[in-house]
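K.L.:
Sharing a structure here in structure tokens format.
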Amino acid sequence: MSIPPLAPDCLCPDAPTGLSRRTLLRGLAATGALGGVLTAVEGFNAQYAFAASPAAYTGDVLVVLSLRGGFDGLNAVVPIGDPGYLKARPTIGIQERSLIPAGGVFGLHPALKPLKKFWDAGTFGAVHAVGQDNPTRSHFQAMQELERAAPGSSLRTGWLDRTLGSRSRGTIFQASQVGSTQVPLALAGPNPEMALGSVDSFRISGAWDTTERKRWTKALTAMNAGAPEAISAPAAATLSATATTASMAAYKPANGAAYPKDSAVGDALRDVARMIKANVGLQVACVDEGDWDMHAAMGSATEGWMHDHLSDLALALAAFATDLGSRFGKVTVVTLSEFGRRVAENGSGGVDHGHGNAVLLMGGGIVGGKVHGRWPGLSDPDLVDGDLAGTTDYRQILGEILQKRCGAGSLAQIFPGLSGSLSGIAKAP
């Protein structure tokens with residue numbers, strides 16, 4: 001998670017962004033069985049060594065796009081028809097003339113224009129006034145609870161790990177953090193996952209071409225011949241994974257898709273598309289984009305921090321959908337952030353930590369072209385301590401996606417204690 005230096009009045013501590021783990025590779029290196037070679041395999045999580053044979057998963061590839069730092073849903077999916085909006089944001093509020101009409105009281109920030117055709121096609125939509133139980137304005141606490149998704153329970157696993165645990169074991173690539181080697185808390189738990197900074201950089205150190213990779217593969221295979229499974233399985237899994245990524249070289253996006261240049265989120269989504277089209281067994285892809293903690297100098301409808309970030313995000317998502325073509329029909333993208341921002345702007349041209357937020361949705365099975373959820377209003381009596389109320393539990397959104405698009409049955413083990421349901425944001429296959 002990349003969060004810029006906090007404003008002086010921000011009292012929330014900087015937060016760790018993923019689960020820090022000691023992998024078996026450290027132990028293997030210590031025993032001398034593998035030397036230091038496999039410790040240099042970028043982002044490899046040795047739990048994958050124990051994955052069973054791939055099972056037939058027929059649901060959508062779920063792409064969880066984490067907007068780290070506190071996404072400002074009010075200036076992205078703008079409730080321009082609510083008189084409280086411009087009253088609370090006289091300087092940074094987006095005027096109606098600049099917005100992309102989104103139905104009802106809403107309009108989309110003009111920087112989201114690259115996604116308008118998907119909105120019109122019904123494959124891009126949003127849910128507003130989304131929140132979580134026991135809201136907090138602490139980055140660390142809010143993200144920890146968001147990714148654990150089990151308030152009031154003693155569970156310490158992440159909701160994605162529990163989702164994977166409800167299925168048959170898949171391939172090495174079934175759950176992948178892409179664009180970062182830090183595994184998110186949502187994947188914390190006993191089920192295997194991997195993290196790779198990029199497809200091209202996922203390799204054994206020193207194996208810079210096909211000849212060297214073959215040489216290392218032969219040497220490491222010989223070194224581990226006859227070794228106990230606890231030692232041989234991680235090596236075999238690593239070699240298998242690096243051989244797969246090596247075969248995915250020279251990728252060219254399809255259908256004229258143009259990912260934004262110098263864009264971390266664009267590069268990551270490009271690799272996700274690459275993995276989907278390579279049929280590596282990807283079921284869950286986690287992608288992070290940081291730098292949404294906009295306490296000051298948020299900017300205007302045409303320039304500035306918020307505009308530039310939304311533009312980069314929109315261009316990346318539009319390229320991703322275009323690149324996938326017909327395969328986009330079996331992909332669902334959902335954005336999550338630890339909290340929204342305060343309704344009222346501050347004295348620095350930004351907004352501080354709040355609560356209720358907007359969740360963006362994309363995919364062939366999404367009911368798009370509209371803003372879902374119950375809008376609570378922005379008048380003073382409607383606010384919760386100055387924040388937009390959260391009228392939809394984010395787990396209800398995830399639950400409907402998991403059941404309708406990803407083949408989940410009961411949600412009791414995935415989201416314990418979840419009450420109520422949401423209907424209408426996704427289509428059954």
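To be explicit about the labels: the chains of the structure tokens are called A, B, and onward in the order shown, and within each one the residues are counted from 1, while ligands get numbers from 1 in the order they are shown.
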To test your reading of the structure, identify every residue in region 201-271 of chain A that backbone DSSP assigns to helix (DSSP H, G or I), and report it as an MDAnalysis selection string.
P.N.:
chainID A and resid 210:223 229:246 264:271
K.L.:
Fewer than 4 positions away in the same chain doesn't count, so skip those; otherwise give me all residues within 12 Å of Arg395 (chain A), counting only C-alpha atoms, as a ChimeraX atom specification.
P.N.:
/A:130-133,145-151,159-160,334,336,359,390-391,399-403,411-412,414-422
K.L.:
Could you pull out the residues in region 138-369 of chain A that DSSP calls strand (DSSP E) from the backbone, as JSON, numbers by chain?
P.N.:
{"A": [175, 176, 177, 178, 194, 195, 196, 284, 285, 286, 287, 288, 289, 331, 332, 333, 334, 335, 336, 357, 358, 359, 360, 361, 362, 363]}
K.L.:
Okay, now the selection with C-alpha atoms, as a JSON list (two decimals), in the first residue's frame?
P.N.:
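As written to disk, selection-v1.json reads:
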```
[["chain", "number", "residue", "atom", "x", "y", "z"],
["A", 175, "ALA", "CA", -5.01, -16.59, -6.12],
["A", 176, "SER", "CA", -2.41, -14.02, -7.13],
["A", 177, "GLN", "CA", -1.39, -10.61, -5.91],
["A", 178, "VAL", "CA", -0.27, -8.84, -9.09],
["A", 194, "MET", "CA", 1.31, -16.13, -4.58],
["A", 195, "ALA", "CA", 2.50, -12.62, -5.23],
["A", 196, "LEU", "CA", 4.42, -11.33, -8.22],
["A", 284, "VAL", "CA", -8.69, -14.33, -7.79],
["A", 285, "ALA", "CA", -6.40, -11.44, -8.68],
["A", 286, "CYS", "CA", -5.59, -8.73, -6.14],
["A", 287, "VAL", "CA", -4.30, -5.40, -7.43],
["A", 288, "ASP", "CA", -3.39, -2.41, -5.27],
["A", 289, "GLU", "CA", -3.36, 1.26, -6.14],
["A", 331, "VAL", "CA", -14.46, -11.39, -15.20],
["A", 332, "THR", "CA", -15.75, -9.24, -12.33],
["A", 333, "VAL", "CA", -13.83, -6.24, -11.02],
["A", 334, "VAL", "CA", -14.70, -4.67, -7.66],
["A", 335, "THR", "CA", -12.97, -1.72, -5.98],
["A", 336, "LEU", "CA", -12.56, -1.53, -2.21],
["A", 357, "ASN", "CA", -18.01, 5.42, 0.16],
["A", 358, "ALA", "CA", -18.59, 4.36, -3.43],
["A", 359, "VAL", "CA", -17.66, 0.93, -4.79],
["A", 360, "LEU", "CA", -17.01, 0.62, -8.53],
["A", 361, "LEU", "CA", -17.98, -2.55, -10.41],
["A", 362, "MET", "CA", -17.06, -3.83, -13.87],
["A", 363, "GLY", "CA", -17.60, -7.05, -15.75]]
```
K.L.:
Work out how far apart CA of Asn134 (chain A) and CA of Asp161 (chain A) are and give it in Å to one decimal.
P.N.:
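Spanning CA of Asn134 (chain A) to CA of Asp161 (chain A) is a straight-line distance of 22.2 Å.
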K.L.:
Which residue, A:Pro110, A:Pro234, A:Gly73, A:Gly299, has the smallest gap to Gly350 (chain A) when you use only C-alpha atoms?
P.N.:
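Ranked by minimum distance to Gly350 (chain A), first place goes to A:Gly299.
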K.L.:
I'd like to know which of A:Ser138, A:Thr123, A:Gln413, A:Ser326 is closest to Gly70 (chain A), using only C-alpha atoms.
P.N.:
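Under the stated criterion, the closest residue is A:Ser138.
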K.L.:
Please report the interatomic distance between CA of Pro376 (chain A) and CA of Gly340 (chain A) in Å with one decimal.
P.N.:
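So the two atoms, CA of Pro376 (chain A) and CA of Gly340 (chain A), lie 14.6 Å apart.
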K.L.:
How far is it from CA of Ile397 (chain A) to CA of Ala426 (chain A), in Å with one decimal?
P.N.:
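Pair CA of Ile397 (chain A) / CA of Ala426 (chain A) returns 9.0 Å.
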K.L.:
With only C-alpha atoms as the counted atoms, please give the residues lying no more than 12 Å from Leu383 (chain A), apart from itself and same-chain residues fewer than 4 positions off, as a ChimeraX atom specification.
P.N.:
/A:84-85,88,129,342-344,354-356,375-379,387-391
K.L.:
Those same residues, written as a CSV table (one decimal), in the first residue's frame with N, CA and C atoms?
P.N.:
```csv
chain,number,residue,atom,x,y,z
A,84,GLY,N,-26.9,19.2,-0.4
A,84,GLY,CA,-25.8,19.2,0.6
A,84,GLY,C,-24.4,19.0,0.0
A,85,TYR,N,-24.3,18.5,-1.2
A,85,TYR,CA,-23.0,18.3,-1.8
A,85,TYR,C,-22.2,19.5,-2.0
A,88,ALA,N,-21.4,21.6,1.1
A,88,ALA,CA,-20.3,21.1,1.9
A,88,ALA,C,-18.9,21.2,1.2
A,129,ALA,N,-22.8,4.9,-0.9
A,129,ALA,CA,-23.1,4.8,0.6
A,129,ALA,C,-22.8,3.5,1.1
A,342,ARG,N,-14.6,12.6,4.5
A,342,ARG,CA,-15.6,13.5,5.1
A,342,ARG,C,-16.4,14.2,4.0
A,343,VAL,N,-17.6,14.5,4.4
A,343,VAL,CA,-18.5,15.2,3.4
A,343,VAL,C,-18.0,16.6,3.2
A,344,ALA,N,-17.6,17.3,4.2
A,344,ALA,CA,-17.2,18.7,4.1
A,344,ALA,C,-15.7,18.8,3.8
A,354,GLY,N,-13.2,9.7,6.4
A,354,GLY,CA,-14.7,9.6,6.7
A,354,GLY,C,-15.1,8.2,6.8
A,355,HIS,N,-16.3,7.9,6.2
A,355,HIS,CA,-16.9,6.6,6.3
A,355,HIS,C,-17.5,6.1,5.0
A,356,GLY,N,-18.8,6.5,4.8
A,356,GLY,CA,-19.5,5.9,3.6
A,356,GLY,C,-18.8,6.3,2.3
A,375,TRP,N,-29.5,5.8,-1.1
A,375,TRP,CA,-28.8,7.0,-0.8
A,375,TRP,C,-29.4,7.7,0.5
A,376,PRO,N,-28.6,7.9,1.5
A,376,PRO,CA,-29.1,8.4,2.8
A,376,PRO,C,-29.3,9.9,2.8
A,377,GLY,N,-28.6,10.6,1.9
A,377,GLY,CA,-28.7,12.1,1.9
A,377,GLY,C,-27.6,12.7,2.6
A,378,LEU,N,-27.4,14.0,2.3
A,378,LEU,CA,-26.2,14.8,2.9
A,378,LEU,C,-26.7,15.9,3.8
A,379,SER,N,-27.9,16.0,4.2
A,379,SER,CA,-28.3,17.0,5.1
A,379,SER,C,-27.8,16.7,6.5
A,387,ASP,N,-20.0,12.4,8.5
A,387,ASP,CA,-19.7,11.5,7.4
A,387,ASP,C,-21.0,11.0,6.7
A,388,LEU,N,-20.8,10.6,5.4
A,388,LEU,CA,-21.8,9.9,4.7
A,388,LEU,C,-22.1,8.6,5.4
A,389,ALA,N,-23.4,8.3,5.6
A,389,ALA,CA,-23.8,7.1,6.3
A,389,ALA,C,-23.5,5.9,5.4
A,390,GLY,N,-23.2,4.7,6.0
A,390,GLY,CA,-23.0,3.5,5.2
A,390,GLY,C,-24.3,2.7,5.2
A,391,THR,N,-25.1,2.8,4.2
A,391,THR,CA,-26.4,2.1,4.2
A,391,THR,C,-26.3,0.7,3.6
```
K.L.:
Would you mind telling me which residue in A:Gly424, A:Gly373, A:Gly170, A:Gly407 lies nearest to Val127 (chain A) when using only C-alpha atoms?
P.N.:
A:Gly373
K.L.:
Of the candidates A:Lys330, A:Asn255, A:Leu62, A:Tyr394, which one gets nearest to Ala428 (chain A) if we count only C-alpha atoms?
P.N.:
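Using only C-alpha atoms, Ala428 (chain A) sits closest to A:Lys330.
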